[in-house]
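Trainee: My questions all concern the structure below.
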2 protein chains.
Amino acid sequence: MNVTIIDVAKKAGVSPSTVSRVISGSTRISAATTEKVKAVMEELGYHPNLMAKNLVSRTTMTIGLLLPRNADEAFLDLFFSEVTRGILSQATRAGYDLLLKTGKSEQEELEAVTRLAKGRRVDGIILLQSRRDDTVIRYLLQEKFPFVLIGRDPERPDILSVDNDNVQGAYDVTRHLLELGHRRIGYAGGPLELVVSSDRYEGYRRALAESGIEPDPRWVFGADLIRQDSTAAVRALMEQPERPTALVVMDDLLAFSLLGSLSELGWSVPGDMAVFGFNDNPMSPVSTPPVSSVDIGVYQLGLQAAGLLLKSIKNEEIAERRVIVPHRLLPRESSQPPGS
Amino acid sequence: MNVTIIDVAKKAGVSPSTVSRVISGSTRISAATTEKVKAVMEELGYHPNLMAKNLVSRTTMTIGLLLPRNADEAFLDLFFSEVTRGILSQATRAGYDLLLKTGKSEQEELEAVTRLAKGRRVDGIILLQSRRDDTVIRYLLQEKFPFVLIGRDPERPDILSVDNDNVQGAYDVTRHLLELGHRRIGYAGGPLELVVSSDRYEGYRRALAESGIEPDPRWVFGADLIRQDSTAAVRALMEQPERPTALVVMDDLLAFSLLGSLSELGWSVPGDMAVFGFNDNPMSPVSTPPVSSVDIGVYQLGLQAAGLLLKSIKNEEIAERRVIVPHRLLPRESSQPPGS
């Protein structure tokens with residue numbers, strides 16, 4: 001025999017519409033009533049047909065996370081595990097599930113998001129990066145579909161976003177290296193069309209400019225180059241007559257590649273080259289040498305993004321549309337004064 | 001103007017039911033036709049209303065993954081990131097999304113799975129562990145809901161499962177330690193109600209028995225004890241007159257705790273205690289000392305489990321209902337002959 005919403009209402013001594021509101025997670029029902037109705041649902045073994053409910057209430061109790069990598073690579077980068085951990089924690093607390101979607105190009109990301117939004121698969125979406133003039137963001141705004149960006153869209157400062165102050169972060173790292181006595185400081189990161197890359201590059205440039213240093217363009221090289229052939233990139237860098245003595249590296253994973261290539265070519269870190277990374281990978285404190293990094297609070301980025309998205313989905317009031325998670329420099333053995 | 005399935009069919013020169021089959025991912029439509037229909041859908045901007053489609057076809061194009069931890073902890077263990085990576089890779093290739101669910105007790109897991117299955121939120125579920133007489137598995141069998149277990153259910157050898165040979169794995173590790181000259185070998189793991197724990201314990205016990213060694217029960221201690229107070233557990237172990245010289249540890253994360261406590265109490269690894277872990281955590285090769293471990297092919301476990309589940313969902317023929325992913329011993333500095 002099938003248990004219906006009517007049976008639950010009778011047994012709990014409330015109206016069927018109250019039961020329905022409890023099921024849809026309405027905040028207008030008291031905690032005591034919610035408890036009682038849930039206990040009766042449990043007792044009678046009543047499970048709402050969520051699919052049918054979704055057609056009525058248009059909620060899926062699910063949030064989507066778009067991973068901007070192909071599926072194979074996404075969770076190799078521990079940033080994704082950690083941000084997922086934060087999102088999952090907040091979502092679960094609110095009774096929401098998490099749907100993972102991957103896209104390895106802007107076009108694939110747009111297709112994935114279109115399917116999620118048009119197909120009503122999720123109530124809202126979290127994006128993990130933005131490009132200049134991002135078509136995914138443009139689409140979501142046009143559809144008025146709830147989303148939160150972990151990052152920043154320079155052209156649309158009013159969208160919901162959770163971010164670090166990446167300009168300040170790279171500025172702080174570069175200042176730290178200047179204070180250690182470095183003058184020739186390079187930057188490895190990019191591509192610059194990603195906002196986080198250009199923000200960090202800007203912080204680096206600004207700190208040097210304040211010290212009257214114009215960075216040699218040959219000291220600045222892209223992540224793609226390192227990923228393709230890290231050793232060739234390092235060789236080109238170290239063959240310059242005026243080679244840098246320190247590098248600001250936009251991600252610890254890139255720093256690990258550079259460390260490997262420097263060592264392979266017979267250069268020592270930090271003696272010949274100080275290295276300061278970003279994102280505080282769990283491997284950074286235990287690598288050889290331990291890599292200096294910036295803790296950007298990845299778990300907090302995920303937690304806050306999910307919190308903001310849930311408020312947006314539920315039409316709750318949002319005081320701060322842009323949340324900044326603080327960063328923290330963690331100098332380790334890889335960054336010492338020049339010639340250490 | 002809304003584009004309908006009829007418009008797509010006309011433009012592609014096929015029947016509406018063919019378009020419908022392409023949308024539902026039927027294998028009965030040729031690749032050429034599928035390509036053509038998809039191109040037309042793209043061109044006309046047609047997006048099937050997935051929710052409505054789901055009500056008809058009863059498919060969600062989504063698989064569920066049950067994480068047996070609370071949401072906060074799940075992705076701290078890199079096993080989960082790596083298994084998720086394998087699952088996501090296979091699912092994405094087949095056009096499926098991945099829904100994450102967490103449960104931190106058998107009761108919570110059962111509730112989560114009940115919601116997924118009864119609510120028709122997913123087409124099938126992957127479980128990451130099993131208990132003796134597991135109620136979650138009993139429920140899924142009773143509902144005839146597609147699922148794959150990463151692990152093994154001793155009472156139901158015929159369910160779809162992907163696993164390592166954990167008895168053999170722990171047997172191999174214990175033999176390796178015996179061959180290094182150890183005789184007093186302890187085991188840290190558990191709880192034994194988890195099948196993976198009892199399997200590894202069984203392999204350990206069997207290898208010792210073959211060498212005529214009866215393990216002292218005081219050499220065997222549980223993961224819970226280590227998690228609560230690793231130092232107290234190690235102190236109790238090392239105060240025994242006949243203390244072990246080597247430990248088989250059922251997970252590298254536990255091995256890291258034990259290493260920390262041994263060092264804190266002034267004991268050296270591998271000199272005073274050889275340690276051999278499991279699951280080859282990415283930190284294991286770079287920890288101090290590098291921890292010997294067993295590579296259990298976590299990515300493959302995820303990949304194969306998703307493959308098996310998709311076959312089950314699509315009612316395709318399944319040759320092997322139980323897939324064994326091979327393991328590989330990785331001896332490192334933490335396991336040396338006694339007194340090294």
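By convention in this document, the chains of the structure tokens carry letters A, B, ... by their order, each chain's residues are numbered from 1, and ligands are numbered from 1 in the order they are shown.
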Tell me which protein, DNA and RNA residues are within 8 Å of segment 176-185 of chain A, counting only C-alpha atoms, leaving out same-chain ones fewer than 4 positions away, and put them as a list in words.
Mentor: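 Near segment 176-185 of chain A, the qualifying residues are Asp172, Ile213, Pro215, Trp219, Arg243, Pro244, Thr245, Ala246, Leu247, Val248, Ser335, Gln336, Pro337 and Pro338 of chain A.
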Trainee: Kindly save the residues from that selection, with all heavy atoms included, as a compact mmCIF listing (two decimals), in the first residue's frame.
Mentor:
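So the final result, stored in result-v4.txt, reads:
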```
# COMPACT_ATOMS: atom_id res chain seq x y z
N ASP A 172 51.84 41.06 -2.23
CA ASP A 172 52.47 40.69 -0.95
C ASP A 172 53.65 39.74 -1.16
O ASP A 172 54.69 39.89 -0.52
CB ASP A 172 51.45 40.01 -0.02
CG ASP A 172 50.36 40.97 0.44
OD1 ASP A 172 50.53 42.20 0.27
OD2 ASP A 172 49.34 40.50 0.98
N ILE A 213 61.30 49.09 -10.33
CA ILE A 213 61.83 48.01 -11.17
C ILE A 213 60.88 47.73 -12.32
O ILE A 213 59.68 47.54 -12.11
CB ILE A 213 62.04 46.72 -10.34
CG1 ILE A 213 63.06 46.97 -9.22
CG2 ILE A 213 62.50 45.56 -11.24
CD1 ILE A 213 63.20 45.83 -8.25
N PRO A 215 60.01 45.01 -14.93
CA PRO A 215 60.38 43.62 -15.16
C PRO A 215 60.76 43.37 -16.63
O PRO A 215 60.09 43.85 -17.53
CB PRO A 215 59.13 42.83 -14.78
CG PRO A 215 58.01 43.80 -14.87
CD PRO A 215 58.59 45.15 -14.58
N TRP A 219 61.51 37.54 -18.26
CA TRP A 219 61.35 36.89 -16.96
C TRP A 219 59.93 36.37 -16.74
O TRP A 219 59.65 35.71 -15.73
CB TRP A 219 61.67 37.86 -15.82
CG TRP A 219 63.05 38.41 -15.85
CD1 TRP A 219 64.11 37.97 -16.60
CD2 TRP A 219 63.53 39.53 -15.10
NE1 TRP A 219 65.21 38.74 -16.36
CE2 TRP A 219 64.89 39.72 -15.44
CE3 TRP A 219 62.95 40.40 -14.19
CZ2 TRP A 219 65.67 40.73 -14.89
CZ3 TRP A 219 63.72 41.41 -13.62
CH2 TRP A 219 65.07 41.56 -13.98
N ARG A 243 69.72 36.79 -15.58
CA ARG A 243 68.62 35.90 -15.20
C ARG A 243 68.07 36.28 -13.82
O ARG A 243 68.78 36.82 -12.97
CB ARG A 243 69.09 34.45 -15.21
CG ARG A 243 70.25 34.17 -14.31
CD ARG A 243 70.66 32.70 -14.38
NE ARG A 243 71.89 32.48 -13.65
CZ ARG A 243 71.98 32.39 -12.33
NH1 ARG A 243 70.88 32.52 -11.59
NH2 ARG A 243 73.14 32.20 -11.73
N PRO A 244 66.77 36.00 -13.61
CA PRO A 244 66.17 36.35 -12.32
C PRO A 244 66.73 35.47 -11.19
O PRO A 244 67.25 34.38 -11.43
CB PRO A 244 64.69 36.08 -12.53
CG PRO A 244 64.60 35.16 -13.69
CD PRO A 244 65.80 35.41 -14.54
N THR A 245 66.62 35.97 -9.95
CA THR A 245 67.04 35.19 -8.78
C THR A 245 65.84 34.68 -8.00
O THR A 245 66.00 33.96 -7.02
CB THR A 245 67.90 36.05 -7.84
OG1 THR A 245 67.10 37.17 -7.40
CG2 THR A 245 69.15 36.56 -8.55
N ALA A 246 64.65 35.09 -8.42
CA ALA A 246 63.44 34.64 -7.72
C ALA A 246 62.28 34.58 -8.71
O ALA A 246 62.25 35.31 -9.69
CB ALA A 246 63.10 35.60 -6.58
N LEU A 247 61.33 33.69 -8.41
CA LEU A 247 60.14 33.53 -9.26
C LEU A 247 58.88 33.55 -8.42
O LEU A 247 58.79 32.84 -7.40
CB LEU A 247 60.18 32.19 -10.01
CG LEU A 247 61.09 32.04 -11.24
CD1 LEU A 247 60.99 30.61 -11.76
CD2 LEU A 247 60.69 33.03 -12.33
N VAL A 248 57.92 34.35 -8.84
CA VAL A 248 56.56 34.25 -8.31
C VAL A 248 55.82 33.28 -9.23
O VAL A 248 55.76 33.51 -10.44
CB VAL A 248 55.85 35.62 -8.32
CG1 VAL A 248 54.43 35.50 -7.80
CG2 VAL A 248 56.65 36.65 -7.52
N SER A 335 62.10 29.91 -0.50
CA SER A 335 62.31 31.34 -0.75
C SER A 335 63.22 31.92 0.33
O SER A 335 62.81 32.10 1.47
CB SER A 335 60.98 32.09 -0.78
OG SER A 335 60.30 31.97 0.45
N GLN A 336 64.47 32.17 -0.06
CA GLN A 336 65.47 32.74 0.85
C GLN A 336 66.12 33.92 0.14
O GLN A 336 65.89 34.13 -1.04
CB GLN A 336 66.52 31.67 1.19
CG GLN A 336 65.96 30.40 1.82
CD GLN A 336 65.34 30.63 3.19
OE1 GLN A 336 65.77 31.52 3.92
NE2 GLN A 336 64.30 29.86 3.52
N PRO A 337 66.93 34.71 0.85
CA PRO A 337 67.63 35.81 0.18
C PRO A 337 68.50 35.29 -0.96
O PRO A 337 68.89 34.11 -0.95
CB PRO A 337 68.50 36.40 1.30
CG PRO A 337 67.82 36.03 2.57
CD PRO A 337 67.19 34.68 2.30
N PRO A 338 68.81 36.14 -1.96
CA PRO A 338 69.59 35.69 -3.11
C PRO A 338 70.94 35.13 -2.67
O PRO A 338 71.57 35.65 -1.75
CB PRO A 338 69.78 36.97 -3.96
CG PRO A 338 69.27 38.11 -3.14
CD PRO A 338 68.42 37.56 -2.06
```
Trainee: Write out as an mmCIF file with all heavy atoms, in the first residue's frame the residues lying within 9 Å of segment 149-156 of chain B, counting only C-alpha atoms and excluding same-chain residues fewer than 5 positions away.
Mentor:
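Writing the result to out39.cif gives the following:
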```
data_model
loop_
_atom_site.group_PDB
_atom_site.id
_atom_site.type_symbol
_atom_site.label_atom_id
_atom_site.label_comp_id
_atom_site.auth_asym_id
_atom_site.auth_seq_id
_atom_site.Cartn_x
_atom_site.Cartn_y
_atom_site.Cartn_z
ATOM 1 N N ILE B 125 23.688 3.732 -8.665
ATOM 2 C CA ILE B 125 24.473 4.230 -7.527
ATOM 3 C C ILE B 125 25.771 3.438 -7.387
ATOM 4 O O ILE B 125 25.789 2.220 -7.581
ATOM 5 C CB ILE B 125 23.643 4.106 -6.224
ATOM 6 C CG1 ILE B 125 22.451 5.065 -6.266
ATOM 7 C CG2 ILE B 125 24.498 4.368 -4.979
ATOM 8 C CD1 ILE B 125 21.518 4.952 -5.086
ATOM 9 N N ILE B 126 26.837 4.142 -7.046
ATOM 10 C CA ILE B 126 28.099 3.478 -6.703
ATOM 11 C C ILE B 126 28.318 3.595 -5.196
ATOM 12 O O ILE B 126 28.210 4.694 -4.637
ATOM 13 C CB ILE B 126 29.281 4.101 -7.472
ATOM 14 C CG1 ILE B 126 29.125 3.815 -8.976
ATOM 15 C CG2 ILE B 126 30.619 3.556 -6.965
ATOM 16 C CD1 ILE B 126 30.165 4.465 -9.851
ATOM 17 N N LEU B 127 28.578 2.451 -4.556
ATOM 18 C CA LEU B 127 28.868 2.428 -3.117
ATOM 19 C C LEU B 127 30.369 2.234 -2.921
ATOM 20 O O LEU B 127 31.000 1.488 -3.660
ATOM 21 C CB LEU B 127 28.136 1.268 -2.438
ATOM 22 C CG LEU B 127 26.619 1.211 -2.603
ATOM 23 C CD1 LEU B 127 26.075 -0.055 -1.924
ATOM 24 C CD2 LEU B 127 25.959 2.453 -2.002
ATOM 25 N N LEU B 128 30.921 2.881 -1.906
ATOM 26 C CA LEU B 128 32.373 2.821 -1.710
ATOM 27 C C LEU B 128 32.807 1.891 -0.589
ATOM 28 O O LEU B 128 33.999 1.713 -0.360
ATOM 29 C CB LEU B 128 32.932 4.222 -1.452
ATOM 30 C CG LEU B 128 32.939 5.160 -2.648
ATOM 31 C CD1 LEU B 128 33.558 6.495 -2.265
ATOM 32 C CD2 LEU B 128 33.719 4.561 -3.802
ATOM 33 N N GLN B 129 31.866 1.345 0.147
ATOM 34 C CA GLN B 129 32.271 0.368 1.158
ATOM 35 C C GLN B 129 31.072 -0.483 1.537
ATOM 36 O O GLN B 129 29.923 -0.152 1.241
ATOM 37 C CB GLN B 129 32.846 1.044 2.401
ATOM 38 C CG GLN B 129 31.833 1.829 3.202
ATOM 39 C CD GLN B 129 32.455 2.484 4.437
ATOM 40 O OE1 GLN B 129 33.650 2.730 4.505
ATOM 41 N NE2 GLN B 129 31.630 2.766 5.421
ATOM 42 N N SER B 130 31.355 -1.604 2.157
ATOM 43 C CA SER B 130 30.259 -2.455 2.611
ATOM 44 C C SER B 130 30.552 -2.952 4.015
ATOM 45 O O SER B 130 31.697 -3.110 4.410
ATOM 46 C CB SER B 130 30.099 -3.651 1.676
ATOM 47 O OG SER B 130 31.269 -4.433 1.698
ATOM 48 N N ARG B 131 29.473 -3.130 4.757
ATOM 49 C CA ARG B 131 29.571 -3.696 6.100
ATOM 50 C C ARG B 131 29.054 -5.127 6.060
ATOM 51 O O ARG B 131 28.359 -5.515 5.126
ATOM 52 C CB ARG B 131 28.701 -2.897 7.063
ATOM 53 C CG ARG B 131 29.115 -1.460 7.212
ATOM 54 C CD ARG B 131 28.171 -0.746 8.154
ATOM 55 N NE ARG B 131 28.595 0.627 8.362
ATOM 56 C CZ ARG B 131 28.345 1.621 7.521
ATOM 57 N NH1 ARG B 131 27.662 1.401 6.418
ATOM 58 N NH2 ARG B 131 28.775 2.842 7.767
ATOM 59 N N ARG B 132 29.350 -5.890 7.089
ATOM 60 C CA ARG B 132 28.728 -7.204 7.232
ATOM 61 C C ARG B 132 27.214 -6.991 7.302
ATOM 62 O O ARG B 132 26.755 -6.110 8.035
ATOM 63 C CB ARG B 132 29.199 -7.904 8.519
ATOM 64 C CG ARG B 132 30.698 -8.006 8.643
ATOM 65 C CD ARG B 132 31.186 -9.452 8.674
ATOM 66 N NE ARG B 132 32.620 -9.489 8.343
ATOM 67 C CZ ARG B 132 33.141 -10.155 7.318
ATOM 68 N NH1 ARG B 132 32.396 -10.898 6.536
ATOM 69 N NH2 ARG B 132 34.429 -10.108 7.067
ATOM 70 N N ASP B 133 26.469 -7.757 6.540
ATOM 71 C CA ASP B 133 25.013 -7.645 6.510
ATOM 72 C C ASP B 133 24.562 -6.200 6.278
ATOM 73 O O ASP B 133 23.826 -5.615 7.069
ATOM 74 C CB ASP B 133 24.425 -8.185 7.823
ATOM 75 C CG ASP B 133 22.915 -8.382 7.682
ATOM 76 O OD1 ASP B 133 22.443 -8.565 6.542
ATOM 77 O OD2 ASP B 133 22.217 -8.316 8.705
ATOM 78 N N ASP B 134 25.011 -5.623 5.185
ATOM 79 C CA ASP B 134 24.814 -4.203 4.905
ATOM 80 C C ASP B 134 23.354 -3.895 4.546
ATOM 81 O O ASP B 134 22.810 -4.449 3.585
ATOM 82 C CB ASP B 134 25.748 -3.813 3.756
ATOM 83 C CG ASP B 134 25.966 -2.329 3.664
ATOM 84 O OD1 ASP B 134 25.002 -1.603 3.367
ATOM 85 O OD2 ASP B 134 27.105 -1.891 3.892
ATOM 86 N N ILE B 137 22.848 -2.247 0.952
ATOM 87 C CA ILE B 137 22.854 -3.208 -0.152
ATOM 88 C C ILE B 137 21.557 -4.016 -0.161
ATOM 89 O O ILE B 137 20.963 -4.249 -1.219
ATOM 90 C CB ILE B 137 24.091 -4.132 -0.040
ATOM 91 C CG1 ILE B 137 25.352 -3.305 -0.326
ATOM 92 C CG2 ILE B 137 23.984 -5.319 -0.991
ATOM 93 C CD1 ILE B 137 26.650 -4.064 -0.185
ATOM 94 N N SER B 161 30.464 -5.818 -8.574
ATOM 95 C CA SER B 161 31.454 -5.203 -7.699
ATOM 96 C C SER B 161 32.805 -5.069 -8.384
ATOM 97 O O SER B 161 33.141 -5.811 -9.304
ATOM 98 C CB SER B 161 31.608 -6.010 -6.405
ATOM 99 O OG SER B 161 32.097 -7.302 -6.702
ATOM 100 N N VAL B 162 33.548 -4.075 -7.953
ATOM 101 C CA VAL B 162 34.926 -3.850 -8.389
ATOM 102 C C VAL B 162 35.751 -3.781 -7.120
ATOM 103 O O VAL B 162 35.360 -3.108 -6.163
ATOM 104 C CB VAL B 162 35.053 -2.531 -9.185
ATOM 105 C CG1 VAL B 162 36.487 -2.303 -9.616
ATOM 106 C CG2 VAL B 162 34.139 -2.546 -10.399
ATOM 107 N N ASP B 163 36.839 -4.476 -7.099
ATOM 108 C CA ASP B 163 37.559 -4.606 -5.833
ATOM 109 C C ASP B 163 39.015 -4.940 -6.103
ATOM 110 O O ASP B 163 39.398 -5.294 -7.217
ATOM 111 C CB ASP B 163 36.917 -5.749 -5.018
ATOM 112 C CG ASP B 163 37.250 -5.678 -3.534
ATOM 113 O OD1 ASP B 163 37.877 -4.691 -3.093
ATOM 114 O OD2 ASP B 163 36.858 -6.620 -2.810
ATOM 115 N N ASN B 164 39.835 -4.793 -5.078
ATOM 116 C CA ASN B 164 41.157 -5.413 -5.084
ATOM 117 C C ASN B 164 41.018 -6.757 -4.398
ATOM 118 O O ASN B 164 40.036 -7.019 -3.716
ATOM 119 C CB ASN B 164 42.154 -4.567 -4.280
ATOM 120 C CG ASN B 164 42.226 -3.141 -4.745
ATOM 121 O OD1 ASN B 164 41.741 -2.228 -4.083
ATOM 122 N ND2 ASN B 164 42.820 -2.934 -5.903
ATOM 123 N N VAL B 195 34.379 -4.684 5.491
ATOM 124 C CA VAL B 195 34.901 -5.867 4.819
ATOM 125 C C VAL B 195 36.364 -5.686 4.416
ATOM 126 O O VAL B 195 37.186 -6.597 4.563
ATOM 127 C CB VAL B 195 34.022 -6.220 3.600
ATOM 128 C CG1 VAL B 195 34.610 -7.391 2.834
ATOM 129 C CG2 VAL B 195 32.603 -6.526 4.046
ATOM 130 N N VAL B 196 36.712 -4.479 3.934
ATOM 131 C CA VAL B 196 38.094 -4.254 3.511
ATOM 132 C C VAL B 196 39.060 -4.465 4.679
ATOM 133 O O VAL B 196 40.147 -5.021 4.525
ATOM 134 C CB VAL B 196 38.261 -2.856 2.854
ATOM 135 C CG1 VAL B 196 37.841 -1.736 3.787
ATOM 136 C CG2 VAL B 196 39.682 -2.640 2.373
ATOM 137 N N LEU B 301 39.699 1.637 -10.002
ATOM 138 C CA LEU B 301 38.517 1.178 -9.254
ATOM 139 C C LEU B 301 37.305 2.026 -9.636
ATOM 140 O O LEU B 301 36.209 1.513 -9.887
ATOM 141 C CB LEU B 301 38.757 1.259 -7.741
ATOM 142 C CG LEU B 301 39.724 0.245 -7.115
ATOM 143 C CD1 LEU B 301 40.033 0.623 -5.659
ATOM 144 C CD2 LEU B 301 39.162 -1.177 -7.167
ATOM 145 N N GLY B 302 37.510 3.355 -9.691
ATOM 146 C CA GLY B 302 36.417 4.261 -10.035
ATOM 147 C C GLY B 302 35.963 4.085 -11.479
ATOM 148 O O GLY B 302 34.766 4.000 -11.782
ATOM 149 N N ALA B 305 34.167 0.741 -11.985
ATOM 150 C CA ALA B 305 32.865 0.727 -11.311
ATOM 151 C C ALA B 305 31.832 1.486 -12.135
ATOM 152 O O ALA B 305 30.701 1.025 -12.330
ATOM 153 C CB ALA B 305 32.985 1.327 -9.909
ATOM 154 N N ARG B 322 32.189 -9.489 -11.167
ATOM 155 C CA ARG B 322 33.128 -9.035 -10.146
ATOM 156 C C ARG B 322 34.477 -8.784 -10.823
ATOM 157 O O ARG B 322 35.115 -9.700 -11.341
ATOM 158 C CB ARG B 322 33.257 -10.092 -9.050
ATOM 159 C CG ARG B 322 34.223 -9.715 -7.962
ATOM 160 C CD ARG B 322 34.028 -10.568 -6.719
ATOM 161 N NE ARG B 322 35.171 -10.410 -5.833
ATOM 162 C CZ ARG B 322 35.359 -9.328 -5.070
ATOM 163 N NH1 ARG B 322 34.476 -8.347 -5.073
ATOM 164 N NH2 ARG B 322 36.416 -9.237 -4.304
#
```
Trainee: Give me, as a list in words, the residues of segment 159-239 of chain B that a backbone DSSP run labels strand (DSSP E).
Mentor: Ser161, Val162, Asp163, Ile185, Gly186, Tyr187, Ala188, Gly189, Val220, Phe221 and Gly222 of chain B
Trainee: Go ahead and write the selection's residues with all heavy atoms as a compact mmCIF listing (two decimals), in the first residue's frame.
Mentor:
```txt
# COMPACT_ATOMS: atom_id res chain seq x y z
N SER B 161 30.46 -5.82 -8.57
CA SER B 161 31.45 -5.20 -7.70
C SER B 161 32.80 -5.07 -8.38
O SER B 161 33.14 -5.81 -9.30
CB SER B 161 31.61 -6.01 -6.40
OG SER B 161 32.10 -7.30 -6.70
N VAL B 162 33.55 -4.08 -7.95
CA VAL B 162 34.93 -3.85 -8.39
C VAL B 162 35.75 -3.78 -7.12
O VAL B 162 35.36 -3.11 -6.16
CB VAL B 162 35.05 -2.53 -9.19
CG1 VAL B 162 36.49 -2.30 -9.62
CG2 VAL B 162 34.14 -2.55 -10.40
N ASP B 163 36.84 -4.48 -7.10
CA ASP B 163 37.56 -4.61 -5.83
C ASP B 163 39.01 -4.94 -6.10
O ASP B 163 39.40 -5.29 -7.22
CB ASP B 163 36.92 -5.75 -5.02
CG ASP B 163 37.25 -5.68 -3.53
OD1 ASP B 163 37.88 -4.69 -3.09
OD2 ASP B 163 36.86 -6.62 -2.81
N ILE B 185 55.25 -8.99 13.94
CA ILE B 185 54.63 -8.04 13.02
C ILE B 185 53.22 -7.71 13.52
O ILE B 185 52.42 -8.61 13.76
CB ILE B 185 54.56 -8.61 11.59
CG1 ILE B 185 55.97 -8.97 11.10
CG2 ILE B 185 53.89 -7.63 10.64
CD1 ILE B 185 56.01 -9.72 9.77
N GLY B 186 52.95 -6.42 13.71
CA GLY B 186 51.62 -5.99 14.19
C GLY B 186 50.73 -5.56 13.04
O GLY B 186 51.16 -5.45 11.88
N TYR B 187 49.46 -5.33 13.37
CA TYR B 187 48.49 -4.90 12.37
C TYR B 187 47.66 -3.74 12.93
O TYR B 187 47.10 -3.86 14.02
CB TYR B 187 47.58 -6.06 11.99
CG TYR B 187 46.49 -5.68 10.99
CD1 TYR B 187 46.74 -5.71 9.63
CD2 TYR B 187 45.24 -5.26 11.44
CE1 TYR B 187 45.75 -5.35 8.73
CE2 TYR B 187 44.24 -4.89 10.54
CZ TYR B 187 44.51 -4.93 9.18
OH TYR B 187 43.55 -4.57 8.28
N ALA B 188 47.60 -2.64 12.20
CA ALA B 188 46.78 -1.50 12.62
C ALA B 188 45.73 -1.25 11.55
O ALA B 188 46.06 -0.99 10.40
CB ALA B 188 47.65 -0.26 12.80
N GLY B 189 44.47 -1.35 11.95
CA GLY B 189 43.41 -1.13 10.97
C GLY B 189 42.05 -1.32 11.59
O GLY B 189 41.91 -1.39 12.80
N VAL B 220 47.71 -6.07 17.60
CA VAL B 220 46.66 -5.70 16.65
C VAL B 220 45.81 -4.60 17.27
O VAL B 220 45.26 -4.79 18.34
CB VAL B 220 45.78 -6.93 16.33
CG1 VAL B 220 44.64 -6.55 15.40
CG2 VAL B 220 46.63 -8.04 15.71
N PHE B 221 45.76 -3.45 16.63
CA PHE B 221 44.95 -2.39 17.22
C PHE B 221 44.19 -1.61 16.16
O PHE B 221 44.56 -1.57 15.00
CB PHE B 221 45.75 -1.49 18.16
CG PHE B 221 46.99 -0.89 17.56
CD1 PHE B 221 47.08 0.48 17.39
CD2 PHE B 221 48.06 -1.68 17.19
CE1 PHE B 221 48.22 1.04 16.85
CE2 PHE B 221 49.21 -1.13 16.64
CZ PHE B 221 49.28 0.23 16.47
N GLY B 222 43.10 -0.97 16.61
CA GLY B 222 42.11 -0.43 15.69
C GLY B 222 42.38 0.99 15.25
O GLY B 222 43.02 1.78 15.94
```
Trainee: DSSP on the backbone: which residues in segment 189-285 of chain A end up as helix (DSSP H, G or I)? Give the answer as an MDAnalysis selection string.
Mentor: chainID A and resid 195:210 217:219 223:238 252:264 284:285
Trainee: For Asp123 of chain A, please output as a ChimeraX atom specification all residues within 7 Å (counting only C-alpha atoms; exclusion window: fewer than 2 positions along the same chain).
Mentor: /A:59-63,313
Trainee: Go ahead and write the residues just picked, all heavy atoms, as a CSV table (one decimal), in the first residue's frame.
Mentor:
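The new file again32.csv reads:
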```
chain,number,residue,atom,x,y,z
A,59,THR,N,12.0,23.0,-7.9
A,59,THR,CA,13.3,23.0,-7.3
A,59,THR,C,13.8,21.5,-7.4
A,59,THR,O,13.0,20.6,-7.4
A,59,THR,CB,13.2,23.4,-5.8
A,59,THR,OG1,12.6,22.3,-5.1
A,59,THR,CG2,12.5,24.7,-5.6
A,60,THR,N,15.1,21.4,-7.4
A,60,THR,CA,15.7,20.1,-7.5
A,60,THR,C,16.5,19.7,-6.3
A,60,THR,O,17.0,18.6,-6.2
A,60,THR,CB,16.7,20.1,-8.7
A,60,THR,OG1,17.7,21.0,-8.4
A,60,THR,CG2,16.0,20.4,-10.0
A,61,MET,N,16.6,20.7,-5.4
A,61,MET,CA,17.5,20.4,-4.1
A,61,MET,C,18.9,20.0,-4.5
A,61,MET,O,19.5,19.2,-3.8
A,61,MET,CB,16.8,19.4,-3.2
A,61,MET,CG,15.5,19.9,-2.6
A,61,MET,SD,15.6,21.4,-1.7
A,61,MET,CE,16.2,20.8,-0.1
A,62,THR,N,19.3,20.5,-5.7
A,62,THR,CA,20.7,20.1,-6.1
A,62,THR,C,21.4,21.4,-6.6
A,62,THR,O,20.7,22.2,-7.3
A,62,THR,CB,20.5,19.1,-7.3
A,62,THR,OG1,19.8,18.0,-6.8
A,62,THR,CG2,21.9,18.6,-7.8
A,63,ILE,N,22.6,21.5,-6.3
A,63,ILE,CA,23.4,22.6,-7.0
A,63,ILE,C,24.5,22.0,-7.9
A,63,ILE,O,24.9,20.8,-7.6
A,63,ILE,CB,24.0,23.6,-6.0
A,63,ILE,CG1,25.0,22.9,-5.0
A,63,ILE,CG2,22.9,24.3,-5.2
A,63,ILE,CD1,25.6,23.9,-4.0
A,313,ILE,N,19.3,31.2,-4.4
A,313,ILE,CA,18.2,30.3,-4.8
A,313,ILE,C,16.9,30.5,-4.0
A,313,ILE,O,15.8,30.5,-4.5
A,313,ILE,CB,18.7,28.8,-4.6
A,313,ILE,CG1,19.8,28.5,-5.7
A,313,ILE,CG2,17.5,27.8,-4.7
A,313,ILE,CD1,20.5,27.2,-5.4
```
Trainee: List as a PyMOL selection string the protein and nucleic acid residues near Leu44 of chain A, meaning an atom at most 10 Å away when only C-alpha atoms are counted, but skip any in the same chain fewer than 5 places from it.
Mentor: chain A and resi 2-4+7-8+11+38-39
